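Peer 1: Data file upload_19.pdb (PDB, C-alpha atoms and all ligand atoms) is appended below.
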ATOM      1  CA  MET R   1     132.771  91.268  94.221  1.00  0.00           C
ATOM      2  CA  ALA R   2     134.271  87.817  93.519  1.00  0.00           C
ATOM      3  CA  GLY R   3     131.963  85.437  91.675  1.00  0.00           C
ATOM      4  CA  PHE R   4     129.541  88.160  90.651  1.00  0.00           C
ATOM      5  CA  ASN R   5     130.158  88.153  86.942  1.00  0.00           C
ATOM      6  CA  LYS R   6     126.893  87.843  85.018  1.00  0.00           C
ATOM      7  CA  ASP R   7     125.084  91.005  84.052  1.00  0.00           C
ATOM      8  CA  ILE R   8     121.464  90.767  85.155  1.00  0.00           C
ATOM      9  CA  TYR R   9     118.820  93.329  84.235  1.00  0.00           C
ATOM     10  CA  ILE R  10     115.740  93.862  86.394  1.00  0.00           C
ATOM     11  CA  GLY R  11     112.601  95.725  85.298  1.00  0.00           C
ATOM     12  CA  LEU R  12     110.814  97.797  87.949  1.00  0.00           C
ATOM     13  CA  GLY R  13     107.274  99.197  87.729  1.00  0.00           C
ATOM     14  CA  SER R  14     104.710 100.797  90.032  1.00  0.00           C
ATOM     15  CA  ASN R  15     101.463 102.723  89.664  1.00  0.00           C
ATOM     16  CA  LEU R  16     100.115 102.881  93.223  1.00  0.00           C
ATOM     17  CA  ASN R  17     101.002 104.549  96.536  1.00  0.00           C
ATOM     18  CA  GLN R  18     103.481 107.151  95.262  1.00  0.00           C
ATOM     19  CA  PRO R  19     105.121 105.152  92.464  1.00  0.00           C
ATOM     20  CA  HIS R  20     108.382 107.201  92.427  1.00  0.00           C
ATOM     21  CA  ILE R  21     108.888 106.324  96.074  1.00  0.00           C
ATOM     22  CA  GLN R  22     108.065 102.655  95.478  1.00  0.00           C
ATOM     23  CA  ILE R  23     110.730 102.445  92.753  1.00  0.00           C
ATOM     24  CA  LYS R  24     113.307 104.264  94.885  1.00  0.00           C
ATOM     25  CA  LYS R  25     112.571 101.975  97.858  1.00  0.00           C
ATOM     26  CA  ALA R  26     112.943  98.887  95.660  1.00  0.00           C
ATOM     27  CA  LEU R  27     116.306 100.127  94.316  1.00  0.00           C
ATOM     28  CA  ARG R  28     117.447 100.781  97.876  1.00  0.00           C
ATOM     29  CA  ALA R  29     116.372  97.260  98.858  1.00  0.00           C
ATOM     30  CA  LEU R  30     118.442  95.838  95.964  1.00  0.00           C
ATOM     31  CA  ASN R  31     121.364  98.040  96.976  1.00  0.00           C
ATOM     32  CA  ASN R  32     121.138  96.916 100.607  1.00  0.00           C
ATOM     33  CA  SER R  33     120.883  93.186  99.873  1.00  0.00           C
ATOM     34  CA  ARG R  34     124.074  91.271 100.604  1.00  0.00           C
ATOM     35  CA  PHE R  35     123.170  88.932  97.732  1.00  0.00           C
ATOM     36  CA  ILE R  36     123.112  91.684  95.147  1.00  0.00           C
ATOM     37  CA  ASP R  37     125.604  94.127  93.717  1.00  0.00           C
ATOM     38  CA  LEU R  38     123.588  97.017  92.262  1.00  0.00           C
ATOM     39  CA  GLN R  39     125.705  98.356  89.409  1.00  0.00           C
ATOM     40  CA  ASP R  40     123.536 100.901  87.634  1.00  0.00           C
ATOM     41  CA  TYR R  41     119.954 102.026  87.169  1.00  0.00           C
ATOM     42  CA  SER R  42     118.044 104.138  84.673  1.00  0.00           C
ATOM     43  CA  SER R  43     116.052 107.339  85.044  1.00  0.00           C
ATOM     44  CA  TYR R  44     112.372 107.170  85.922  1.00  0.00           C
ATOM     45  CA  TYR R  45     110.033 106.691  82.939  1.00  0.00           C
ATOM     46  CA  ILE R  46     106.375 107.765  82.989  1.00  0.00           C
ATOM     47  CA  THR R  47     104.318 105.219  81.077  1.00  0.00           C
ATOM     48  CA  ALA R  48     100.703 104.977  79.941  1.00  0.00           C
ATOM     49  CA  PRO R  49      99.027 101.780  81.203  1.00  0.00           C
ATOM     50  CA  MET R  50      98.847  98.906  78.703  1.00  0.00           C
ATOM     51  CA  GLY R  51      96.051  96.349  78.482  1.00  0.00           C
ATOM     52  CA  TYR R  52      93.760  97.842  81.102  1.00  0.00           C
ATOM     53  CA  ASP R  53      93.581 101.619  80.529  1.00  0.00           C
ATOM     54  CA  ASP R  54      91.444 102.749  83.469  1.00  0.00           C
ATOM     55  CA  GLN R  55      94.260 102.998  86.014  1.00  0.00           C
ATOM     56  CA  PRO R  56      97.012 105.472  86.965  1.00  0.00           C
ATOM     57  CA  TYR R  57     100.143 105.995  84.879  1.00  0.00           C
ATOM     58  CA  PHE R  58     103.132 103.827  85.759  1.00  0.00           C
ATOM     59  CA  ILE R  59     106.633 104.739  86.774  1.00  0.00           C
ATOM     60  CA  ASN R  60     109.171 102.312  85.304  1.00  0.00           C
ATOM     61  CA  ALA R  61     112.922 101.867  85.495  1.00  0.00           C
ATOM     62  CA  VAL R  62     115.570  99.223  84.801  1.00  0.00           C
ATOM     63  CA  ALA R  63     118.452  98.209  87.085  1.00  0.00           C
ATOM     64  CA  LYS R  64     121.660  96.369  86.260  1.00  0.00           C
ATOM     65  CA  ILE R  65     122.811  94.013  89.012  1.00  0.00           C
ATOM     66  CA  GLN R  66     125.190  91.135  89.587  1.00  0.00           C
ATOM     67  CA  SER R  67     124.393  88.286  91.964  1.00  0.00           C
ATOM     68  CA  LYS R  68     125.598  84.823  92.894  1.00  0.00           C
ATOM     69  CA  LEU R  69     122.010  83.722  93.447  1.00  0.00           C
ATOM     70  CA  LYS R  70     120.550  81.133  91.115  1.00  0.00           C
ATOM     71  CA  PRO R  71     117.700  82.578  89.003  1.00  0.00           C
ATOM     72  CA  LEU R  72     114.888  81.048  91.101  1.00  0.00           C
ATOM     73  CA  ALA R  73     116.460  82.245  94.343  1.00  0.00           C
ATOM     74  CA  LEU R  74     116.811  85.706  92.809  1.00  0.00           C
ATOM     75  CA  LEU R  75     113.123  85.607  91.795  1.00  0.00           C
ATOM     76  CA  ARG R  76     112.186  84.744  95.391  1.00  0.00           C
ATOM     77  CA  LEU R  77     114.279  87.615  96.696  1.00  0.00           C
ATOM     78  CA  LEU R  78     112.562  90.005  94.250  1.00  0.00           C
ATOM     79  CA  GLN R  79     109.169  88.672  95.339  1.00  0.00           C
ATOM     80  CA  SER R  80     110.067  89.264  98.990  1.00  0.00           C
ATOM     81  CA  ILE R  81     110.874  92.904  98.134  1.00  0.00           C
ATOM     82  CA  GLU R  82     107.509  93.172  96.312  1.00  0.00           C
ATOM     83  CA  ALA R  83     105.720  91.680  99.328  1.00  0.00           C
ATOM     84  CA  ARG R  84     107.413  94.104 101.733  1.00  0.00           C
ATOM     85  CA  GLN R  85     106.055  96.916  99.583  1.00  0.00           C
ATOM     86  CA  TYR R  86     102.521  95.507  99.931  1.00  0.00           C
ATOM     87  CA  ARG R  87     102.211  94.029  96.453  1.00  0.00           C
ATOM     88  CA  LYS R  88      98.895  92.164  96.247  1.00  0.00           C
ATOM     89  CA  ARG R  89      98.592  89.557  93.497  1.00  0.00           C
ATOM     90  CA  THR R  90      95.330  89.346  91.575  1.00  0.00           C
ATOM     91  CA  SER R  91      94.247  87.269  88.599  1.00  0.00           C
ATOM     92  CA  ASN R  92      94.461  90.364  86.350  1.00  0.00           C
ATOM     93  CA  GLN R  93      98.003  90.499  84.917  1.00  0.00           C
ATOM     94  CA  ASN R  94      97.618  94.199  84.031  1.00  0.00           C
ATOM     95  CA  ALA R  95      96.070  95.382  87.307  1.00  0.00           C
ATOM     96  CA  PRO R  96      97.495  98.331  89.293  1.00  0.00           C
ATOM     97  CA  ARG R  97     100.362  97.381  91.574  1.00  0.00           C
ATOM     98  CA  THR R  98     102.587  98.985  94.191  1.00  0.00           C
ATOM     99  CA  LEU R  99     105.614  97.182  92.801  1.00  0.00           C
ATOM    100  CA  ASP R 100     106.488  94.742  90.033  1.00  0.00           C
ATOM    101  CA  LEU R 101     110.013  93.345  89.686  1.00  0.00           C
ATOM    102  CA  ASP R 102     110.907  91.208  86.663  1.00  0.00           C
ATOM    103  CA  ILE R 103     114.098  89.447  85.658  1.00  0.00           C
ATOM    104  CA  LEU R 104     114.604  90.667  82.092  1.00  0.00           C
ATOM    105  CA  ILE R 105     118.014  89.238  81.181  1.00  0.00           C
ATOM    106  CA  HIS R 106     120.270  86.960  83.248  1.00  0.00           C
ATOM    107  CA  GLY R 107     123.681  86.696  81.576  1.00  0.00           C
ATOM    108  CA  ASN R 108     123.431  84.276  78.636  1.00  0.00           C
ATOM    109  CA  LEU R 109     120.676  82.232  80.242  1.00  0.00           C
ATOM    110  CA  GLN R 110     117.669  81.100  78.231  1.00  0.00           C
ATOM    111  CA  CYS R 111     115.073  79.135  80.195  1.00  0.00           C
ATOM    112  CA  SER R 112     111.360  78.522  80.211  1.00  0.00           C
ATOM    113  CA  THR R 113     109.739  76.795  83.172  1.00  0.00           C
ATOM    114  CA  SER R 114     106.383  77.199  84.897  1.00  0.00           C
ATOM    115  CA  LYS R 115     107.933  79.702  87.332  1.00  0.00           C
ATOM    116  CA  LEU R 116     110.494  81.526  85.282  1.00  0.00           C
ATOM    117  CA  THR R 117     111.043  82.492  81.668  1.00  0.00           C
ATOM    118  CA  ILE R 118     114.266  84.305  80.825  1.00  0.00           C
ATOM    119  CA  PRO R 119     114.704  86.470  78.804  1.00  0.00           C
ATOM    120  CA  HIS R 120     111.391  87.907  80.033  1.00  0.00           C
ATOM    121  CA  PRO R 121     108.844  86.888  77.373  1.00  0.00           C
ATOM    122  CA  ARG R 122     107.119  90.277  77.034  1.00  0.00           C
ATOM    123  CA  MET R 123     110.120  92.594  77.314  1.00  0.00           C
ATOM    124  CA  LEU R 124     110.453  93.143  73.561  1.00  0.00           C
ATOM    125  CA  GLU R 125     106.882  94.455  73.312  1.00  0.00           C
ATOM    126  CA  ARG R 126     107.391  97.182  75.889  1.00  0.00           C
ATOM    127  CA  ARG R 127     108.947 100.567  75.334  1.00  0.00           C
ATOM    128  CA  PHE R 128     109.022 101.083  79.136  1.00  0.00           C
ATOM    129  CA  VAL R 129     111.471  98.173  79.318  1.00  0.00           C
ATOM    130  CA  LEU R 130     113.543  98.717  76.156  1.00  0.00           C
ATOM    131  CA  GLU R 131     114.119 102.462  76.570  1.00  0.00           C
ATOM    132  CA  PRO R 132     115.479 102.411  80.159  1.00  0.00           C
ATOM    133  CA  LEU R 133     117.469  99.285  79.302  1.00  0.00           C
ATOM    134  CA  LEU R 134     119.087 101.054  76.341  1.00  0.00           C
ATOM    135  CA  GLU R 135     119.747 104.112  78.533  1.00  0.00           C
ATOM    136  CA  ILE R 136     122.021 102.108  80.840  1.00  0.00           C
ATOM    137  CA  ALA R 137     123.250  99.459  78.360  1.00  0.00           C
ATOM    138  CA  PRO R 138     123.126 100.745  74.765  1.00  0.00           C
ATOM    139  CA  ALA R 139     124.937  97.682  73.354  1.00  0.00           C
ATOM    140  CA  VAL R 140     123.044  95.058  75.337  1.00  0.00           C
ATOM    141  CA  MET R 141     122.141  91.781  73.614  1.00  0.00           C
ATOM    142  CA  ILE R 142     119.196  89.527  74.394  1.00  0.00           C
ATOM    143  CA  PRO R 143     120.349  85.890  74.450  1.00  0.00           C
ATOM    144  CA  GLY R 144     119.062  84.184  71.318  1.00  0.00           C
ATOM    145  CA  LEU R 145     117.525  87.378  69.927  1.00  0.00           C
ATOM    146  CA  GLY R 146     120.328  89.869  69.257  1.00  0.00           C
ATOM    147  CA  HIS R 147     120.656  93.581  69.947  1.00  0.00           C
ATOM    148  CA  VAL R 148     117.934  95.243  72.034  1.00  0.00           C
ATOM    149  CA  ALA R 149     118.288  98.355  69.865  1.00  0.00           C
ATOM    150  CA  ASN R 150     116.943  96.430  66.851  1.00  0.00           C
ATOM    151  CA  TYR R 151     113.588  95.980  68.614  1.00  0.00           C
ATOM    152  CA  PHE R 152     113.144  99.579  69.735  1.00  0.00           C
ATOM    153  CA  PRO R 153     111.571 100.892  66.464  1.00  0.00           C
ATOM    154  CA  PHE R 154     108.660  98.457  66.926  1.00  0.00           C
ATOM    155  CA  VAL R 155     107.603  99.991  70.282  1.00  0.00           C
ATOM    156  CA  ILE R 156     108.412 103.637  69.668  1.00  0.00           C
ATOM    157  CA  GLN R 157     104.715 104.578  69.192  1.00  0.00           C
ATOM    158  CA  GLN R 158     103.936 103.635  72.840  1.00  0.00           C
ATOM    159  CA  GLN R 159     103.568 106.479  75.342  1.00  0.00           C
ATOM    160  CA  CYS R 160     106.609 106.492  77.571  1.00  0.00           C
ATOM    161  CA  GLN R 161     108.452 109.614  78.689  1.00  0.00           C
ATOM    162  CA  ARG R 162     111.872 109.787  80.292  1.00  0.00           C
ATOM    163  CA  SER R 163     111.712 111.730  83.547  1.00  0.00           C
ATOM    164  CA  GLU R 164     114.296 112.648  86.165  1.00  0.00           C
ATOM    165  CA  ARG R 165     117.349 110.706  87.290  1.00  0.00           C
ATOM    166  CA  ILE R 166     116.795 108.682  90.459  1.00  0.00           C
ATOM    167  CA  LEU R 167     118.919 109.634  93.470  1.00  0.00           C
ATOM    168  CA  LEU R 168     119.034 106.845  96.049  1.00  0.00           C
TER     169      LEU R 168
HETATM  170  P1  LIG R 201     103.820  89.455  87.614  1.00  0.00           P
HETATM  171  O1  LIG R 201     102.358  89.457  87.854  1.00  0.00           O
HETATM  172  O2  LIG R 201     104.273  90.162  86.376  1.00  0.00           O
HETATM  173  O3  LIG R 201     104.633  89.878  88.826  1.00  0.00           O
HETATM  174  O4  LIG R 201     104.198  87.924  87.340  1.00  0.00           O
HETATM  175  C1  LIG R 201     104.836  87.196  88.306  1.00  0.00           C
HETATM  176  C2  LIG R 201     104.910  85.739  87.907  1.00  0.00           C
HETATM  177  O5  LIG R 201     105.593  85.590  86.674  1.00  0.00           O
HETATM  178  C3  LIG R 201     105.668  85.005  88.988  1.00  0.00           C
HETATM  179  O6  LIG R 201     104.813  84.097  89.592  1.00  0.00           O
HETATM  180  C4  LIG R 201     106.828  84.347  88.279  1.00  0.00           C
HETATM  181  O7  LIG R 201     106.909  82.985  88.622  1.00  0.00           O
HETATM  182  C5  LIG R 201     106.503  84.515  86.801  1.00  0.00           C
HETATM  183  N1  LIG R 201     107.668  84.816  85.970  1.00  0.00           N
HETATM  184  C6  LIG R 201     108.029  84.133  84.864  1.00  0.00           C
HETATM  185  N2  LIG R 201     109.129  84.647  84.320  1.00  0.00           N
HETATM  186  C7  LIG R 201     109.490  85.715  85.088  1.00  0.00           C
HETATM  187  C8  LIG R 201     110.580  86.638  85.024  1.00  0.00           C
HETATM  188  N3  LIG R 201     111.524  86.592  84.049  1.00  0.00           N
HETATM  189  N4  LIG R 201     110.646  87.591  86.008  1.00  0.00           N
HETATM  190  C9  LIG R 201     109.699  87.654  86.980  1.00  0.00           C
HETATM  191  N5  LIG R 201     108.661  86.809  87.083  1.00  0.00           N
HETATM  192  C10 LIG R 201     108.555  85.826  86.148  1.00  0.00           C
END
So, in terms of structure tokens, how does the structure I just supplied come out?

Peer 2:
Amino acid sequence: MAGFNKDIYIGLGSNLNQPHIQIKKALRALNNSRFIDLQDYSSYYITAPMGYDDQPYFINAVAKIQSKLKPLALLRLLQSIEARQYRKRTSNQNAPRTLDLDILIHGNLQCSTSKLTIPHPRMLERRFVLEPLLEIAPAVMIPGLGHVANYFPFVIQQQCQRSERILL
């Protein structure tokens, strides 16, 4: 599509209300949005919870999209998809959730405001982000930080298992 030229990577996660279905629904919502060109997406990954252990395992995935939306408008669109899937926000950052959508990388953009930090500030600490990202984009670079692959050895001890391919 004309004007859609930046590669944007979105992290998806869910651990409530049939997480596989939540992730599939979110990918379908991205695919059906006229503001988004869904280009690729990873397999499902089954991930042990981090931070707050007493909660169900997560399903995670990463999608590659292109979009003409400015980053904040894209964030709002992602939040509207979360809200449609009954995401409830609580003060606990690591609490269970039906759906979490994060902007991981947005072309070459580096920004840090009260609403949006890109690249996503915690992505390098998370195997459930780096592994699906490397699955769909093995040579991907993080603006200002270099190759994603260089960071993978530091998270390899985390529990995260590749599962089946997602069929939309
Ligand atoms: P979470 O609880 O992980 O969904 O956090 C959502 C909050 O993080 C939102 O209020 C966003 O304003 C903020 N945020 C900052 N940077 C990002 C990013 N790269 N992607 C998504 N949300 C972000």

Peer 1: Please identify every residue of chain R that has at least one atom no farther than 7 Å from an atom of ligand LIG 201 (chain R), counting only C-alpha atoms and all ligand atoms, and for each give the shortest atom pair and the distance in Å to one decimal, arranged by chain then increasing number, as a Markdown table.

Peer 2:
| residue | atom | partner | partner_atom | distance |
| --- | --- | --- | --- | --- |
| R:Leu75 | CA | R:LIG201 | C9 | 6.3 |
| R:Arg89 | CA | R:LIG201 | O1 | 6.8 |
| R:Gln93 | CA | R:LIG201 | O1 | 5.4 |
| R:Asp100 | CA | R:LIG201 | O3 | 5.3 |
| R:Leu101 | CA | R:LIG201 | C9 | 6.3 |
| R:Asp102 | CA | R:LIG201 | N4 | 3.7 |
| R:Ile103 | CA | R:LIG201 | N4 | 3.9 |
| R:Leu104 | CA | R:LIG201 | N3 | 5.5 |
| R:Ser114 | CA | R:LIG201 | O7 | 6.9 |
| R:Lys115 | CA | R:LIG201 | O7 | 3.7 |
| R:Leu116 | CA | R:LIG201 | N2 | 3.5 |
| R:Thr117 | CA | R:LIG201 | N2 | 3.9 |
| R:Ile118 | CA | R:LIG201 | N3 | 4.8 |
| R:Pro119 | CA | R:LIG201 | N3 | 6.1 |
| R:His120 | CA | R:LIG201 | N3 | 4.2 |

Peer 1: Considering all atoms listed in the file, state which residue in the set R:Val62, R:Ile8, R:Ile81, R:Val129 is at the smallest distance from Gly107 of chain R.

Peer 2: R:Ile8

Peer 1: So which residues get picked by the PyMOL selection byres (((chain R and resi 125) around 9) and not hetatm) here, written as a count of residues only?

Peer 2: 12

Peer 1: Please write as an MDAnalysis selection string the full residue list that the PyMOL selection byres (((chain R and resi 36) around 10) and not hetatm) yields on this file.

Peer 2: chainID R and resid 1 4 29:35 37:39 65:69 74 77

Peer 1: Which residues come within 8 Å of Gln161 of chain R, counting all atoms listed in the file, excluding same-chain residues fewer than 5 positions away, as a PyMOL selection string?

Peer 2: chain R and resi 45-47

Peer 1: Nearest residue to Gly13 of chain R out of R:Leu133, R:Pro143, R:Phe58, R:Gly51, using only C-alpha atoms?

Peer 2: R:Phe58

Peer 1: Could you state which residues are captured by the PyMOL selection byres (((chain R and resi 135) around 9) and not hetatm) in this file, as a list in words?

Peer 2: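 Evaluating the PyMOL selection byres (((chain R and resi 135) around 9) and not hetatm) on these coordinates yields Tyr41, Ser42, Ser43, Val62, Leu130, Glu131, Pro132, Leu133, Leu134, Ile136, Ala137 and Pro138 of chain R.
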
Peer 1: Could you tell me how far atom CA of Thr98 of chain R sits from atom CA of Ala83 of chain R, in Å to one decimal place?

Peer 2: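 Those two atoms sit 9.5 Å apart.
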
Peer 1: Could you complete segment 110-135 of chain R so that it carries N, CA and C atoms, and give it back as a CSV table (one decimal), keeping the file's coordinate frame?

Peer 2:
chain,number,residue,atom,x,y,z
R,110,GLN,N,119.0,81.2,78.9
R,110,GLN,CA,117.7,81.1,78.2
R,110,GLN,C,116.9,80.0,78.9
R,111,CYS,N,115.8,80.2,79.5
R,111,CYS,CA,115.1,79.1,80.2
R,111,CYS,C,113.6,79.4,80.1
R,112,SER,N,112.8,78.4,80.2
R,112,SER,CA,111.4,78.5,80.2
R,112,SER,C,110.8,77.4,81.1
R,113,THR,N,110.4,77.8,82.3
R,113,THR,CA,109.7,76.8,83.2
R,113,THR,C,108.4,77.4,83.6
R,114,SER,N,107.7,76.7,84.5
R,114,SER,CA,106.4,77.2,84.9
R,114,SER,C,106.6,78.4,85.8
R,115,LYS,N,107.7,78.6,86.4
R,115,LYS,CA,107.9,79.7,87.3
R,115,LYS,C,108.7,80.8,86.7
R,116,LEU,N,109.5,80.5,85.7
R,116,LEU,CA,110.5,81.5,85.3
R,116,LEU,C,110.8,81.4,83.8
R,117,THR,N,110.6,82.5,83.1
R,117,THR,CA,111.0,82.5,81.7
R,117,THR,C,112.0,83.6,81.5
R,118,ILE,N,113.2,83.3,81.0
R,118,ILE,CA,114.3,84.3,80.8
R,118,ILE,C,114.9,84.0,79.5
R,119,PRO,N,115.1,85.1,78.6
R,119,PRO,CA,114.7,86.5,78.8
R,119,PRO,C,113.2,86.6,79.0
R,120,HIS,N,112.8,87.7,79.7
R,120,HIS,CA,111.4,87.9,80.0
R,120,HIS,C,110.6,87.9,78.7
R,121,PRO,N,109.5,87.1,78.7
R,121,PRO,CA,108.8,86.9,77.4
R,121,PRO,C,108.2,88.1,76.8
R,122,ARG,N,107.8,89.1,77.6
R,122,ARG,CA,107.1,90.3,77.0
R,122,ARG,C,108.0,91.5,76.9
R,123,MET,N,109.3,91.4,77.3
R,123,MET,CA,110.1,92.6,77.3
R,123,MET,C,110.2,93.3,76.0
R,124,LEU,N,110.2,92.5,74.9
R,124,LEU,CA,110.5,93.1,73.6
R,124,LEU,C,109.3,94.0,73.1
R,125,GLU,N,108.1,93.7,73.7
R,125,GLU,CA,106.9,94.5,73.3
R,125,GLU,C,106.7,95.8,74.1
R,126,ARG,N,107.6,96.1,75.0
R,126,ARG,CA,107.4,97.2,75.9
R,126,ARG,C,108.4,98.3,75.8
R,127,ARG,N,108.0,99.4,75.4
R,127,ARG,CA,108.9,100.6,75.3
R,127,ARG,C,109.5,100.9,76.7
R,128,PHE,N,108.6,100.7,77.8
R,128,PHE,CA,109.0,101.1,79.1
R,128,PHE,C,110.1,100.1,79.7
R,129,VAL,N,110.3,99.0,79.0
R,129,VAL,CA,111.5,98.2,79.3
R,129,VAL,C,112.7,98.5,78.4
R,130,LEU,N,112.4,98.6,77.1
R,130,LEU,CA,113.5,98.7,76.2
R,130,LEU,C,114.2,100.1,76.3
R,131,GLU,N,113.5,101.1,76.5
R,131,GLU,CA,114.1,102.5,76.6
R,131,GLU,C,115.0,102.6,77.8
R,132,PRO,N,114.5,102.3,79.0
R,132,PRO,CA,115.5,102.4,80.2
R,132,PRO,C,116.6,101.4,80.1
R,133,LEU,N,116.4,100.3,79.5
R,133,LEU,CA,117.5,99.3,79.3
R,133,LEU,C,118.5,99.9,78.4
R,134,LEU,N,118.1,100.5,77.3
R,134,LEU,CA,119.1,101.1,76.3
R,134,LEU,C,119.8,102.3,76.9
R,135,GLU,N,119.1,103.0,77.9
R,135,GLU,CA,119.7,104.1,78.5
R,135,GLU,C,121.0,103.6,79.3
